[in-house]
file structure-v8.txt (compact mmCIF, C-alpha atoms)
# COMPACT_ATOMS: atom_id res chain seq x y z
CA LEU A 1 133.22 86.72 165.28
CA ALA A 2 130.23 87.54 163.11
CA ALA A 3 126.67 87.19 164.34
CA ASP A 4 124.53 84.25 163.27
CA PRO A 5 122.85 85.33 159.98
CA GLN A 6 119.58 83.49 160.68
CA GLU A 7 119.25 84.96 164.17
CA LEU A 8 120.07 88.40 162.79
CA ALA A 9 117.44 88.13 160.03
CA SER A 10 114.85 86.99 162.56
CA SER A 11 115.64 89.95 164.83
CA LEU A 12 115.37 92.34 161.91
CA LYS A 13 111.85 91.12 161.11
CA GLN A 14 110.80 91.49 164.75
CA ILE A 15 112.17 95.02 165.01
CA ILE A 16 110.51 96.15 161.77
CA SER A 17 107.22 94.68 163.02
CA TYR A 18 107.68 96.41 166.38
CA TYR A 19 107.84 99.83 164.73
CA GLN A 20 105.17 98.85 162.21
CA ALA A 21 102.78 98.17 165.07
CA ASP A 22 103.26 101.74 166.26
CA THR A 23 101.90 103.14 163.00
CA THR A 24 98.16 103.80 163.08
CA GLY A 25 95.65 104.78 160.48
CA ALA A 26 97.55 103.19 157.61
CA LYS A 27 95.16 102.13 154.85
CA ASN A 28 97.44 99.68 153.08
CA ASP A 29 100.83 98.02 153.32
CA THR A 30 102.55 100.73 151.28
CA SER A 31 101.39 103.58 153.49
CA ALA A 32 102.15 101.50 156.58
CA ALA A 33 105.74 101.08 155.44
CA GLN A 34 105.97 104.82 154.77
CA ASN A 35 104.81 105.51 158.32
CA ASN A 36 107.30 103.12 159.91
CA PRO A 37 109.86 105.42 161.63
CA LEU A 38 112.68 102.91 161.20
CA LEU A 39 112.08 102.34 157.48
CA LYS A 40 112.11 106.09 156.88
CA VAL A 41 115.80 106.23 157.77
CA PHE A 42 116.99 102.64 157.37
CA VAL A 43 117.24 100.21 154.45
CA PRO A 44 116.89 96.68 155.88
CA GLN A 45 119.12 94.04 154.31
CA GLY A 46 118.98 90.84 156.34
CA ARG A 47 121.60 89.12 154.20
CA GLY A 48 124.55 87.50 155.86
CA ILE A 49 125.75 89.66 158.72
CA ILE A 50 124.55 92.92 157.12
CA PHE A 51 121.58 94.11 159.17
CA GLY A 52 120.87 97.11 156.94
CA SER A 53 122.16 100.43 155.63
CA ALA A 54 121.68 104.14 156.20
CA THR A 55 123.03 107.42 154.92
CA THR A 56 125.54 109.41 156.94
CA ARG A 57 122.90 111.86 158.15
CA ASP A 58 120.50 109.09 159.23
CA THR A 59 122.86 106.90 161.28
CA ALA A 60 122.21 108.85 164.50
CA GLU A 61 118.43 108.43 164.15
CA VAL A 62 118.86 104.71 163.42
CA ASN A 63 121.02 104.38 166.54
CA LYS A 64 118.32 106.12 168.58
CA LEU A 65 115.61 103.76 167.34
CA LEU A 66 117.69 100.60 167.72
CA ASN A 67 119.06 101.47 171.16
CA LYS A 68 115.58 101.45 172.66
CA LYS A 69 115.51 98.84 175.45
CA ALA A 70 112.59 96.88 173.97
CA VAL A 71 114.37 96.74 170.62
CA GLN A 72 117.70 95.68 172.12
CA GLU A 73 115.93 92.74 173.75
CA MET A 74 114.92 91.52 170.28
CA LEU A 75 118.56 91.08 169.27
CA PRO A 76 120.45 87.86 170.10
CA HIS A 77 121.86 88.29 173.62
CA ASP A 78 125.46 87.77 172.45
CA THR A 79 125.24 90.14 169.49
CA GLU A 80 125.75 93.86 168.92
CA LEU A 81 125.34 96.04 165.85
CA MET A 82 128.22 98.16 164.53
CA TRP A 83 128.50 100.56 161.61
CA THR A 84 131.15 100.11 158.95
CA ALA A 85 133.86 102.75 159.09
CA LYS A 86 133.58 103.47 155.37
CA SER A 87 130.57 103.87 153.11
CA GLU A 88 129.72 100.73 151.16
CA PHE A 89 127.80 102.32 148.26
CA SER A 90 126.14 105.53 147.05
CA ASP A 91 122.72 106.18 145.52
CA LYS A 92 122.01 108.12 142.33
CA ASN A 93 121.88 111.37 144.31
CA GLY A 94 125.36 110.82 145.71
CA ASN A 95 124.21 109.91 149.23
CA LYS A 96 126.75 107.61 150.86
CA TYR A 97 125.40 104.56 152.69
CA PHE A 98 127.06 102.78 155.60
CA ASN A 99 126.29 99.17 156.51
CA LEU A 100 125.21 98.09 159.98
CA VAL A 101 126.65 94.65 160.68
CA GLY A 102 126.08 92.13 163.45
CA VAL A 103 129.08 90.95 165.46
CA LYS A 104 129.51 88.91 168.63
CA LYS A 105 129.98 90.95 171.80
CA GLN A 106 132.89 88.84 173.05
CA VAL A 107 136.24 89.88 171.60
CA GLU A 108 138.09 86.74 170.48
CA LEU A 109 141.46 88.32 169.75
CA SER A 110 142.88 91.79 170.41
CA GLY A 111 145.35 93.71 168.28
CA ASP A 112 148.24 93.45 170.73
CA VAL A 113 149.14 90.02 169.29
CA ILE A 114 149.95 91.55 165.89
CA THR A 115 153.68 91.91 165.31
CA GLU A 116 153.61 93.05 161.68
CA ALA A 117 151.14 94.27 159.06
CA ARG A 118 152.00 95.52 155.58
CA PRO A 119 150.47 95.94 152.11
CA THR A 120 151.34 93.20 149.61
CA PHE A 121 150.18 92.06 146.18
CA ASP A 122 148.82 88.75 144.91
CA ARG A 123 151.56 87.17 142.82
CA TYR A 124 149.08 85.99 140.19
CA THR A 125 146.55 88.84 139.91
CA ASN A 126 148.60 91.71 141.39
CA ALA A 127 145.57 92.62 143.51
CA ALA A 128 146.25 94.53 146.73
CA GLU A 129 146.31 92.48 149.93
CA VAL A 130 147.38 92.88 153.54
CA SER A 131 149.91 90.55 155.11
CA MET A 132 149.55 90.15 158.88
CA THR A 133 151.82 88.32 161.33
CA MET A 134 151.04 87.45 164.97
CA ASN A 135 153.10 86.45 167.97
CA ARG A 136 153.04 82.90 169.37
CA GLU A 137 150.05 83.48 171.64
CA GLY A 138 148.10 85.16 168.83
CA ALA A 139 148.98 82.38 166.37
CA ARG A 140 147.68 79.75 168.77
CA LYS A 141 144.36 81.54 169.30
CA TRP A 142 144.10 82.44 165.60
CA ALA A 143 144.48 78.77 164.64
CA ARG A 144 141.57 77.87 166.93
CA ILE A 145 139.39 80.77 165.71
CA THR A 146 139.99 80.26 162.00
CA GLY A 147 139.72 76.48 162.27
CA ALA A 148 136.29 76.76 163.87
CA ASN A 149 134.96 79.41 161.48
CA ILE A 150 135.90 78.36 157.95
CA GLY A 151 133.53 79.98 155.46
CA LYS A 152 132.36 82.57 157.98
CA PRO A 153 133.28 86.26 158.24
CA ILE A 154 135.42 87.71 161.03
CA ALA A 155 135.14 91.43 161.81
CA ILE A 156 138.13 93.69 162.35
CA VAL A 157 136.94 96.45 164.69
CA LEU A 158 138.57 99.62 166.01
CA ASP A 159 136.85 102.17 168.27
CA GLY A 160 133.43 100.64 167.70
CA TYR A 161 133.56 100.66 163.88
CA VAL A 162 133.95 97.68 161.57
CA TYR A 163 136.73 98.24 159.05
CA THR A 164 136.44 94.95 157.22
CA TYR A 165 134.83 91.53 157.66
CA PRO A 166 136.66 89.00 155.47
CA ASN A 167 135.61 85.37 155.20
CA VAL A 168 137.87 82.70 156.68
CA ILE A 169 139.06 80.50 153.81
CA THR A 170 141.14 77.99 155.74
CA LYS A 171 142.60 77.29 159.17
CA ILE A 172 145.70 79.42 159.76
CA SER A 173 148.18 77.67 162.02
CA ASP A 174 151.38 79.68 161.64
CA GLY A 175 150.08 83.15 162.58
CA ARG A 176 150.64 84.51 159.06
CA SER A 177 147.50 85.72 157.29
CA SER A 178 146.59 87.45 154.06
CA ILE A 179 143.51 89.66 153.88
CA THR A 180 142.27 89.72 150.29
CA GLY A 181 139.30 91.19 148.42
CA LEU A 182 140.45 94.78 148.91
CA LYS A 183 139.51 97.42 146.36
CA ASN A 184 142.90 99.06 145.91
CA VAL A 185 146.30 99.85 147.45
CA GLN A 186 144.85 102.75 149.44
CA GLU A 187 142.38 100.44 151.17
CA ALA A 188 145.24 98.03 151.94
CA GLU A 189 147.33 100.83 153.44
CA ASP A 190 144.37 102.07 155.49
CA LEU A 191 143.76 98.56 156.85
CA VAL A 192 147.45 98.22 157.77
CA ASN A 193 147.20 101.45 159.77
CA ILE A 194 144.09 100.12 161.54
CA LEU A 195 145.79 96.83 162.43
CA LEU A 196 148.91 98.59 163.71
CA SER A 197 146.78 101.04 165.72
CA GLY A 198 145.04 98.07 167.32
CA ALA A 199 148.44 96.65 168.25
CA LEU A 200 149.27 99.71 170.37
CA PRO A 201 148.77 99.59 174.16

call {"tool": "encode", "arguments": {"input": "structure-v8.txt", "output": "structure tokens"}}
result
Amino acid sequence: LAADPQELASSLKQIISYYQADTTGAKNDTSAAQNNPLLKVFVPQGRGIIFGSATTRDTAEVNKLLNKKAVQEMLPHDTELMWTAKSEFSDKNGNKYFNLVGVKKQVELSGDVITEARPTFDRYTNAAEVSMTMNREGARKWARITGANIGKPIAIVLDGYVYTYPNVITKISDGRSSITGLKNVQEAEDLVNILLSGALP
């Protein structure tokens, strides 16, 4: 499940202030921001479950700053931050940025309940989708999870990276789901491979 957006935004403000307090000799707000070690390598977002963004080369430094014990204590106790597996956007210089998103620590459903995943197409728009089918146990849990989280995002994670975080549109009771909003067929095929990898022992 995704982290609570309000709690995440509050934590972000605290963490920025924590590193801001470490800057000394700043004459104004602009120079203070420039001296903030986190803001030098991290673009705070605080919208939805997106905590912020960083370029490929800066993710390690961001991890170092955010993994500090005092900083970790500022995050909600049930929440952890994970990078997206793919870059979300690029700047004018071609630097690719990855999003850092907040997810709940407790895993609600593991991939071993998935019995089938395949690329499909919307019959009206022809947009690429992923069709996913679960076994009986997975369908039962999925009905509870989706029913309790309508309108909220759910993260699909493999090896500590978030591959997608689609919003739940409706309760899914039969274990058959469609993941929409994908950019193209390649993204659909990649997501299928991720889901099937998660289904392996």

call {"tool": "axis_aligned_box", "arguments": {"input": "structure-v8.txt", "around": "region 118-123 of chain A", "padding_each_side": "6 Å", "output": "JSON"}}
result
{"center_x": 150.4, "center_y": 91.6, "center_z": 149.2, "size_x": 15.2, "size_y": 20.8, "size_z": 24.8}

call {"tool": "closest_atom_pairs", "arguments": {"input": "structure-v8.txt", "of": "region 82-156 of chain A", "to": "region 177-196 of chain A", "cutoff": "12 Å", "atoms": "all atoms listed in the file", "output": "CSV"}}
result
residue,atom,partner,partner_atom,distance
A:Ala85,CA,A:Ile194,CA,10.8
A:Lys86,CA,A:Glu187,CA,10.2
A:Glu88,CA,A:Lys183,CA,11.4
A:Ser110,CA,A:Leu195,CA,9.9
A:Gly111,CA,A:Leu195,CA,6.6
A:Asp112,CA,A:Leu196,CA,8.7
A:Val113,CA,A:Leu196,CA,10.2
A:Ile114,CA,A:Leu196,CA,7.4
A:Thr115,CA,A:Leu196,CA,8.4
A:Glu116,CA,A:Leu196,CA,7.5
A:Ala117,CA,A:Val192,CA,5.6
A:Arg118,CA,A:Val192,CA,5.7
A:Pro119,CA,A:Ala188,CA,5.6
A:Thr120,CA,A:Ala188,CA,8.1
A:Phe121,CA,A:Val185,CA,8.8
A:Asp122,CA,A:Thr180,CA,8.5
A:Thr125,CA,A:Thr180,CA,11.3
A:Asn126,CA,A:Asn184,CA,10.3
A:Ala127,CA,A:Asn184,CA,7.4
A:Ala128,CA,A:Val185,CA,5.4
A:Glu129,CA,A:Thr180,CA,4.9
A:Val130,CA,A:Ile179,CA,5.0
A:Ser131,CA,A:Ser178,CA,4.7
A:Met132,CA,A:Ser177,CA,5.1
A:Thr133,CA,A:Ser177,CA,6.5
A:Met134,CA,A:Ser177,CA,8.6
A:Gly138,CA,A:Ser177,CA,11.6
A:Ala139,CA,A:Ser177,CA,9.8
A:Trp142,CA,A:Ser177,CA,9.6
A:Ala143,CA,A:Ser177,CA,10.6
A:Thr146,CA,A:Ser177,CA,10.4
A:Pro153,CA,A:Ile179,CA,11.6
A:Ile154,CA,A:Ile179,CA,11.0
A:Ala155,CA,A:Ile179,CA,11.7
A:Ile156,CA,A:Leu195,CA,8.3

call {"tool": "residues_around", "arguments": {"input": "structure-v8.txt", "residues": "Tyr18 (chain A)", "least_positions_apart": "2", "cutoff": "10 Å", "atoms": "only C-alpha atoms", "output": "number ranges by chain"}}
result
A: 12-16, 20-23, 36, 38, 70-71, 74

call {"tool": "atom_distance", "arguments": {"input": "structure-v8.txt", "atom1": "CA of Val41 (chain A)", "atom2": "CA of Val62 (chain A)"}}
result
6.6 Å

call {"tool": "closest_residue", "arguments": {"input": "structure-v8.txt", "among": "A:Leu39, A:Met82, A:Val103, A:Leu65", "to": "Leu8 (chain A)", "atoms": "only C-alpha atoms"}}
result
A:Val103

call {"tool": "atom_distance", "arguments": {"input": "structure-v8.txt", "atom1": "CA of Pro37 (chain A)", "atom2": "CA of Ser17 (chain A)"}}
result
11.1 Å

call {"tool": "closest_residue", "arguments": {"input": "structure-v8.txt", "among": "A:Ala3, A:Phe42, A:Gln72, A:Gly52", "to": "Tyr165 (chain A)", "atoms": "all atoms listed in the file"}}
result
A:Ala3

call {"tool": "atom_distance", "arguments": {"input": "structure-v8.txt", "atom1": "CA of Gly160 (chain A)", "atom2": "CA of Arg47 (chain A)"}}
result
21.3 Å

call {"tool": "closest_residue", "arguments": {"input": "structure-v8.txt", "among": "A:Gln6, A:Thr84, A:Thr79, A:Asn93", "to": "Leu158 (chain A)", "atoms": "only C-alpha atoms"}}
result
A:Thr84

call {"tool": "closest_residue", "arguments": {"input": "structure-v8.txt", "among": "A:Ala54, A:Ile49, A:Leu109, A:Tyr19", "to": "Pro166 (chain A)", "atoms": "all atoms listed in the file"}}
result
A:Ile49
